[in-house]
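Engineer: So that you have it, the file is query.pdb, and it contains PDB, C-alpha atoms:
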```pdb
MODEL        1
ATOM      1  CA  MET A   1     182.613  78.553 -92.918  1.00  0.00           C
ATOM      2  CA  LEU A   2     182.756  74.969 -91.671  1.00  0.00           C
ATOM      3  CA  ALA A   3     186.096  73.249 -91.256  1.00  0.00           C
ATOM      4  CA  THR A   4     187.027  69.835 -89.975  1.00  0.00           C
ATOM      5  CA  LEU A   5     189.413  69.256 -87.108  1.00  0.00           C
ATOM      6  CA  LEU A   6     190.790  65.752 -86.665  1.00  0.00           C
ATOM      7  CA  LEU A   7     192.793  64.727 -83.645  1.00  0.00           C
ATOM      8  CA  VAL A   8     194.453  61.357 -83.769  1.00  0.00           C
ATOM      9  CA  VAL A   9     194.863  60.376 -80.135  1.00  0.00           C
ATOM     10  CA  ALA A  10     193.925  57.636 -77.721  1.00  0.00           C
ATOM     11  CA  SER A  11     190.942  58.864 -75.730  1.00  0.00           C
ATOM     12  CA  LEU A  12     191.183  58.781 -71.944  1.00  0.00           C
ATOM     13  CA  THR A  13     187.505  58.000 -71.447  1.00  0.00           C
ATOM     14  CA  SER A  14     184.249  58.156 -73.345  1.00  0.00           C
ATOM     15  CA  PRO A  15     180.834  59.370 -72.328  1.00  0.00           C
ATOM     16  CA  PRO A  16     178.205  56.840 -71.368  1.00  0.00           C
ATOM     17  CA  ALA A  17     175.280  56.567 -73.767  1.00  0.00           C
ATOM     18  CA  THR A  18     172.901  58.197 -71.292  1.00  0.00           C
ATOM     19  CA  ARG A  19     173.237  59.919 -67.969  1.00  0.00           C
ATOM     20  CA  PRO A  20     170.830  62.058 -65.947  1.00  0.00           C
ATOM     21  CA  ALA A  21     171.148  65.687 -67.001  1.00  0.00           C
ATOM     22  CA  PRO A  22     173.245  67.609 -64.448  1.00  0.00           C
ATOM     23  CA  GLN A  23     172.052  70.847 -62.948  1.00  0.00           C
ATOM     24  CA  PRO A  24     173.040  73.891 -65.046  1.00  0.00           C
ATOM     25  CA  ASN A  25     175.805  74.882 -62.608  1.00  0.00           C
ATOM     26  CA  ASP A  26     177.332  71.399 -62.751  1.00  0.00           C
ATOM     27  CA  TRP A  27     177.978  71.300 -66.504  1.00  0.00           C
ATOM     28  CA  LYS A  28     181.724  72.056 -66.238  1.00  0.00           C
ATOM     29  CA  GLN A  29     182.374  69.270 -63.744  1.00  0.00           C
ATOM     30  CA  ALA A  30     180.274  66.830 -65.791  1.00  0.00           C
ATOM     31  CA  VAL A  31     182.190  67.632 -68.985  1.00  0.00           C
ATOM     32  CA  MET A  32     185.564  67.399 -67.219  1.00  0.00           C
ATOM     33  CA  ARG A  33     184.669  64.038 -65.639  1.00  0.00           C
ATOM     34  CA  THR A  34     183.531  62.636 -68.993  1.00  0.00           C
ATOM     35  CA  ALA A  35     186.764  63.874 -70.591  1.00  0.00           C
ATOM     36  CA  GLY A  36     188.863  62.033 -68.007  1.00  0.00           C
ATOM     37  CA  ILE A  37     189.873  64.646 -65.427  1.00  0.00           C
ATOM     38  CA  ASP A  38     189.965  61.931 -62.754  1.00  0.00           C
ATOM     39  CA  VAL A  39     192.666  59.979 -64.625  1.00  0.00           C
ATOM     40  CA  TRP A  40     194.571  62.966 -66.029  1.00  0.00           C
ATOM     41  CA  PRO A  41     197.041  63.107 -63.091  1.00  0.00           C
ATOM     42  CA  SER A  42     198.226  59.584 -63.983  1.00  0.00           C
ATOM     43  CA  VAL A  43     198.993  60.470 -67.621  1.00  0.00           C
ATOM     44  CA  THR A  44     202.761  60.644 -68.163  1.00  0.00           C
ATOM     45  CA  ARG A  45     202.909  60.906 -71.951  1.00  0.00           C
ATOM     46  CA  LEU A  46     200.561  62.165 -74.645  1.00  0.00           C
ATOM     47  CA  GLN A  47     201.150  61.698 -78.351  1.00  0.00           C
ATOM     48  CA  PHE A  48     198.803  63.039 -81.000  1.00  0.00           C
ATOM     49  CA  THR A  49     198.649  64.446 -84.494  1.00  0.00           C
ATOM     50  CA  PHE A  50     196.717  67.681 -84.904  1.00  0.00           C
ATOM     51  CA  ILE A  51     195.119  67.800 -88.364  1.00  0.00           C
ATOM     52  CA  VAL A  52     192.966  70.539 -89.830  1.00  0.00           C
ATOM     53  CA  ALA A  53     191.247  69.876 -93.172  1.00  0.00           C
ATOM     54  CA  PHE A  54     190.071  73.059 -94.865  1.00  0.00           C
ATOM     55  CA  PRO A  55     187.049  73.324 -97.186  1.00  0.00           C
ATOM     56  CA  ASP A  56     189.323  74.053-100.174  1.00  0.00           C
ATOM     57  CA  GLY A  57     190.901  70.600 -99.819  1.00  0.00           C
ATOM     58  CA  ASN A  58     194.118  71.801 -98.187  1.00  0.00           C
ATOM     59  CA  ALA A  59     195.200  70.456 -94.830  1.00  0.00           C
ATOM     60  CA  MET A  60     197.838  71.050 -92.198  1.00  0.00           C
ATOM     61  CA  GLN A  61     199.118  68.775 -89.494  1.00  0.00           C
ATOM     62  CA  ARG A  62     201.486  68.887 -86.556  1.00  0.00           C
ATOM     63  CA  VAL A  63     202.855  65.899 -84.644  1.00  0.00           C
ATOM     64  CA  HIS A  64     203.015  66.224 -80.851  1.00  0.00           C
ATOM     65  CA  ASP A  65     204.815  64.107 -78.280  1.00  0.00           C
ATOM     66  CA  TRP A  66     204.440  65.461 -74.773  1.00  0.00           C
ATOM     67  CA  ASN A  67     206.373  63.937 -71.910  1.00  0.00           C
ATOM     68  CA  LEU A  68     204.406  65.163 -68.932  1.00  0.00           C
ATOM     69  CA  ALA A  69     206.734  63.323 -66.549  1.00  0.00           C
ATOM     70  CA  ASP A  70     209.780  65.405 -67.507  1.00  0.00           C
ATOM     71  CA  GLY A  71     207.940  68.592 -68.611  1.00  0.00           C
ATOM     72  CA  THR A  72     208.956  68.534 -72.263  1.00  0.00           C
ATOM     73  CA  ALA A  73     206.931  68.766 -75.441  1.00  0.00           C
ATOM     74  CA  THR A  74     208.141  67.923 -78.932  1.00  0.00           C
ATOM     75  CA  VAL A  75     206.204  69.500 -81.779  1.00  0.00           C
ATOM     76  CA  ASP A  76     207.249  68.540 -85.306  1.00  0.00           C
ATOM     77  CA  GLY A  77     210.689  67.549 -84.027  1.00  0.00           C
ATOM     78  CA  VAL A  78     211.342  70.693 -81.927  1.00  0.00           C
ATOM     79  CA  THR A  79     211.575  69.977 -78.190  1.00  0.00           C
ATOM     80  CA  ILE A  80     210.704  72.690 -75.690  1.00  0.00           C
ATOM     81  CA  ARG A  81     209.953  73.021 -72.012  1.00  0.00           C
ATOM     82  CA  PRO A  82     206.651  74.897 -72.423  1.00  0.00           C
ATOM     83  CA  TRP A  83     206.519  76.370 -68.916  1.00  0.00           C
ATOM     84  CA  ASP A  84     210.048  77.756 -69.329  1.00  0.00           C
ATOM     85  CA  VAL A  85     209.793  79.251 -72.844  1.00  0.00           C
ATOM     86  CA  ASP A  86     210.805  82.923 -72.898  1.00  0.00           C
ATOM     87  CA  VAL A  87     209.071  84.004 -76.109  1.00  0.00           C
ATOM     88  CA  GLY A  88     211.144  87.198 -76.250  1.00  0.00           C
ATOM     89  CA  ASN A  89     214.409  85.224 -76.370  1.00  0.00           C
ATOM     90  CA  ALA A  90     213.282  82.044 -78.162  1.00  0.00           C
ATOM     91  CA  ASP A  91     214.308  81.296 -81.727  1.00  0.00           C
ATOM     92  CA  ASP A  92     211.672  80.995 -84.470  1.00  0.00           C
ATOM     93  CA  ALA A  93     211.451  77.196 -84.193  1.00  0.00           C
ATOM     94  CA  GLN A  94     210.902  77.375 -80.421  1.00  0.00           C
ATOM     95  CA  LYS A  95     208.285  80.126 -80.825  1.00  0.00           C
ATOM     96  CA  SER A  96     206.466  78.066 -83.441  1.00  0.00           C
ATOM     97  CA  ALA A  97     206.559  74.922 -81.271  1.00  0.00           C
ATOM     98  CA  TYR A  98     205.332  76.882 -78.243  1.00  0.00           C
ATOM     99  CA  SER A  99     202.481  78.474 -80.197  1.00  0.00           C
ATOM    100  CA  ALA A 100     201.443  75.061 -81.578  1.00  0.00           C
ATOM    101  CA  TRP A 101     201.673  73.530 -78.082  1.00  0.00           C
ATOM    102  CA  ILE A 102     199.331  76.223 -76.705  1.00  0.00           C
ATOM    103  CA  ASN A 103     196.873  76.129 -79.619  1.00  0.00           C
ATOM    104  CA  ASP A 104     196.738  72.425 -80.439  1.00  0.00           C
ATOM    105  CA  GLY A 105     196.813  71.378 -76.815  1.00  0.00           C
ATOM    106  CA  TYR A 106     193.904  73.622 -75.985  1.00  0.00           C
ATOM    107  CA  TRP A 107     191.863  72.275 -78.879  1.00  0.00           C
ATOM    108  CA  LEU A 108     192.583  68.726 -77.757  1.00  0.00           C
ATOM    109  CA  LEU A 109     192.195  69.221 -74.025  1.00  0.00           C
ATOM    110  CA  MET A 110     189.650  72.042 -73.762  1.00  0.00           C
ATOM    111  CA  PRO A 111     187.118  69.793 -71.984  1.00  0.00           C
ATOM    112  CA  LEU A 112     189.729  69.235 -69.231  1.00  0.00           C
ATOM    113  CA  LYS A 113     190.625  72.930 -68.945  1.00  0.00           C
ATOM    114  CA  LEU A 114     187.259  74.482 -68.166  1.00  0.00           C
ATOM    115  CA  ASP A 115     188.341  75.509 -64.648  1.00  0.00           C
ATOM    116  CA  ASP A 116     191.721  76.958 -65.669  1.00  0.00           C
ATOM    117  CA  PRO A 117     192.530  80.457 -64.350  1.00  0.00           C
ATOM    118  CA  GLY A 118     191.562  83.209 -66.795  1.00  0.00           C
ATOM    119  CA  VAL A 119     188.839  81.151 -68.532  1.00  0.00           C
ATOM    120  CA  ASN A 120     185.463  82.914 -68.333  1.00  0.00           C
ATOM    121  CA  PHE A 121     181.941  81.793 -69.241  1.00  0.00           C
ATOM    122  CA  THR A 122     178.604  83.439 -69.808  1.00  0.00           C
ATOM    123  CA  PRO A 123     175.700  81.915 -67.888  1.00  0.00           C
ATOM    124  CA  VAL A 124     174.319  78.692 -69.362  1.00  0.00           C
ATOM    125  CA  ALA A 125     171.826  79.536 -72.092  1.00  0.00           C
ATOM    126  CA  ALA A 126     168.969  77.462 -73.387  1.00  0.00           C
ATOM    127  CA  SER A 127     166.097  78.339 -75.672  1.00  0.00           C
ATOM    128  CA  ARG A 128     162.744  76.926 -76.673  1.00  0.00           C
ATOM    129  CA  ASP A 129     164.526  75.561 -79.754  1.00  0.00           C
ATOM    130  CA  MET A 130     166.852  73.478 -77.580  1.00  0.00           C
ATOM    131  CA  PRO A 131     165.855  70.300 -75.758  1.00  0.00           C
ATOM    132  CA  PRO A 132     166.372  70.472 -71.975  1.00  0.00           C
ATOM    133  CA  SER A 133     169.450  68.272 -72.277  1.00  0.00           C
ATOM    134  CA  ARG A 134     171.254  70.895 -74.431  1.00  0.00           C
ATOM    135  CA  ALA A 135     172.944  74.151 -73.429  1.00  0.00           C
ATOM    136  CA  MET A 136     175.150  76.852 -74.883  1.00  0.00           C
ATOM    137  CA  VAL A 137     177.797  78.990 -73.174  1.00  0.00           C
ATOM    138  CA  THR A 138     180.316  81.489 -74.480  1.00  0.00           C
ATOM    139  CA  MET A 139     183.910  81.055 -73.327  1.00  0.00           C
ATOM    140  CA  THR A 140     186.424  83.929 -73.315  1.00  0.00           C
ATOM    141  CA  PHE A 141     189.917  84.377 -71.927  1.00  0.00           C
ATOM    142  CA  GLY A 142     191.178  87.080 -69.620  1.00  0.00           C
ATOM    143  CA  ASP A 143     194.196  89.229 -70.413  1.00  0.00           C
ATOM    144  CA  GLY A 144     197.385  87.194 -70.247  1.00  0.00           C
ATOM    145  CA  THR A 145     195.535  83.892 -70.757  1.00  0.00           C
ATOM    146  CA  GLY A 146     196.600  82.003 -73.863  1.00  0.00           C
ATOM    147  CA  LEU A 147     197.735  83.547 -77.124  1.00  0.00           C
ATOM    148  CA  THR A 148     194.359  84.905 -78.274  1.00  0.00           C
ATOM    149  CA  PRO A 149     192.747  86.648 -75.290  1.00  0.00           C
ATOM    150  CA  GLY A 150     190.207  88.508 -77.459  1.00  0.00           C
ATOM    151  CA  ASP A 151     188.704  85.394 -79.032  1.00  0.00           C
ATOM    152  CA  ALA A 152     185.312  84.010 -78.001  1.00  0.00           C
ATOM    153  CA  TYR A 153     184.050  80.435 -78.342  1.00  0.00           C
ATOM    154  CA  ASP A 154     180.407  79.339 -78.233  1.00  0.00           C
ATOM    155  CA  LEU A 155     180.261  75.836 -76.737  1.00  0.00           C
ATOM    156  CA  ALA A 156     177.350  73.508 -77.552  1.00  0.00           C
ATOM    157  CA  ILE A 157     176.940  71.119 -74.627  1.00  0.00           C
ATOM    158  CA  ASP A 158     175.089  67.831 -74.404  1.00  0.00           C
ATOM    159  CA  LEU A 159     174.213  67.924 -70.701  1.00  0.00           C
ATOM    160  CA  ARG A 160     172.947  64.353 -70.588  1.00  0.00           C
ATOM    161  CA  ARG A 161     176.170  62.862 -71.959  1.00  0.00           C
ATOM    162  CA  GLY A 162     178.474  65.462 -70.367  1.00  0.00           C
ATOM    163  CA  VAL A 163     180.230  66.436 -73.609  1.00  0.00           C
ATOM    164  CA  VAL A 164     180.935  69.529 -75.644  1.00  0.00           C
ATOM    165  CA  ASP A 165     180.024  68.379 -79.133  1.00  0.00           C
ATOM    166  CA  SER A 166     180.862  71.569 -81.024  1.00  0.00           C
ATOM    167  CA  TRP A 167     182.243  75.020 -80.578  1.00  0.00           C
ATOM    168  CA  THR A 168     182.131  78.091 -82.739  1.00  0.00           C
ATOM    169  CA  SER A 169     185.359  80.069 -82.792  1.00  0.00           C
ATOM    170  CA  ARG A 170     184.833  83.836 -83.076  1.00  0.00           C
ATOM    171  CA  PRO A 171     188.210  85.583 -83.348  1.00  0.00           C
ATOM    172  CA  ASP A 172     186.398  88.866 -84.052  1.00  0.00           C
ATOM    173  CA  ASP A 173     182.929  90.201 -84.845  1.00  0.00           C
ATOM    174  CA  THR A 174     183.180  89.353 -88.554  1.00  0.00           C
ATOM    175  CA  ARG A 175     184.416  85.745 -88.534  1.00  0.00           C
ATOM    176  CA  ALA A 176     183.017  82.529 -87.091  1.00  0.00           C
ATOM    177  CA  VAL A 177     183.948  78.921 -87.739  1.00  0.00           C
ATOM    178  CA  THR A 178     182.172  75.934 -86.188  1.00  0.00           C
ATOM    179  CA  TRP A 179     184.205  72.856 -85.266  1.00  0.00           C
ATOM    180  CA  THR A 180     182.802  69.566 -84.012  1.00  0.00           C
ATOM    181  CA  TRP A 181     183.971  66.827 -81.696  1.00  0.00           C
ATOM    182  CA  GLU A 182     182.683  63.494 -82.889  1.00  0.00           C
ATOM    183  CA  GLY A 183     183.217  59.824 -82.244  1.00  0.00           C
ATOM    184  CA  TYR A 184     183.819  59.936 -78.497  1.00  0.00           C
ATOM    185  CA  ARG A 185     185.037  56.465 -77.506  1.00  0.00           C
ATOM    186  CA  ASP A 186     187.123  54.545 -74.964  1.00  0.00           C
TER     187      ASP A 186
ENDMDL
END
```
Could you rewrite the structure in this file as structure tokens?

Structural biologist:
Amino acid sequence: MLATLLLVVASLTSPPATRPAPQPNDWKQAVMRTAGIDVWPSVTRLQFTFIVAFPDGNAMQRVHDWNLADGTATVDGVTIRPWDVDVGNADDAQKSAYSAWINDGYWLLMPLKLDDPGVNFTPVAASRDMPPSRAMVTMTFGDGTGLTPGDAYDLAIDLRRGVVDSWTSRPDDTRAVTWTWEGYRD
């Protein structure tokens, strides 16, 4: 199944058209630099709309407004302090906002979160079918990391440009959906 994920957001940076391919062990740092990790500490507010268009023509969207300066996030009009949410005592609206904050934020910011605690990777893989500037890794999450610790994601990496241009989400052994990142720009 192929689905389309659209994120309406101002990009922090964009990848240069060409760049020398980094060494295989440097791919995470290259991707994070291209995604804007060097300017991330200066970001005080992030607003975006998370849109998923499904093959059957249906779509869903959530509007996010994160105030990083004061530690709040508003998702579809519900404001939470994500680091303080006690899921066991939160009401349904807070739980929904928290879940969307975790999920949508990870989809948006995954290239900046490659070194987060609990994020694990297989060794960089390449094959004869792949040019030397391409690589594939599988990303998983340790127990207690995120809301879906059993999921696996296969990341397709353009080593020359320092970008992840697609990932395949595998929530279990029977399902896989490939999502793409396109149109990187300043």

Engineer: Would you pick out the contacts of range 133-148 of chain A at 6 Å or less, using only C-alpha atoms, so that residues sharing its chain but fewer than 6 positions from it are not included, and give the list as a PyMOL selection string?

Structural biologist: chain A and resi 118-122+124-126+154-160

Engineer: Taking all atoms listed in the file into account, which of A:Asp116, A:Arg185, A:Asp104, A:Tyr153 comes nearest Val52 in chain A?

Structural biologist: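 Distance minimum relative to Val52 in chain A lands on A:Asp104.
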
Engineer: Given the PyMOL selection byres ((chain A and resi 89-94) around 12) and the file above, list the residues it selects as a PyMOL selection string.

Structural biologist: chain A and resi 73-82+84-88+95-101

Engineer: Would you translate the PyMOL selection byres ((chain A and resi 163) around 9) into the concrete set of residues it matches in this file, as a list in words?

Structural biologist: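 That expression, the PyMOL selection byres ((chain A and resi 163) around 9), corresponds here to Pro15, Trp27, Ala30, Val31, Met32, Thr34, Ala35, Pro111, Ala156, Ile157, Asp158, Leu159, Arg160, Arg161, Gly162, Val164, Asp165, Trp181 and Tyr184 of chain A.
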
Engineer: Which residues match the PyMOL selection byres ((chain A and resi 50) around 12) in the file above, as a count of residues only?

Structural biologist: 30
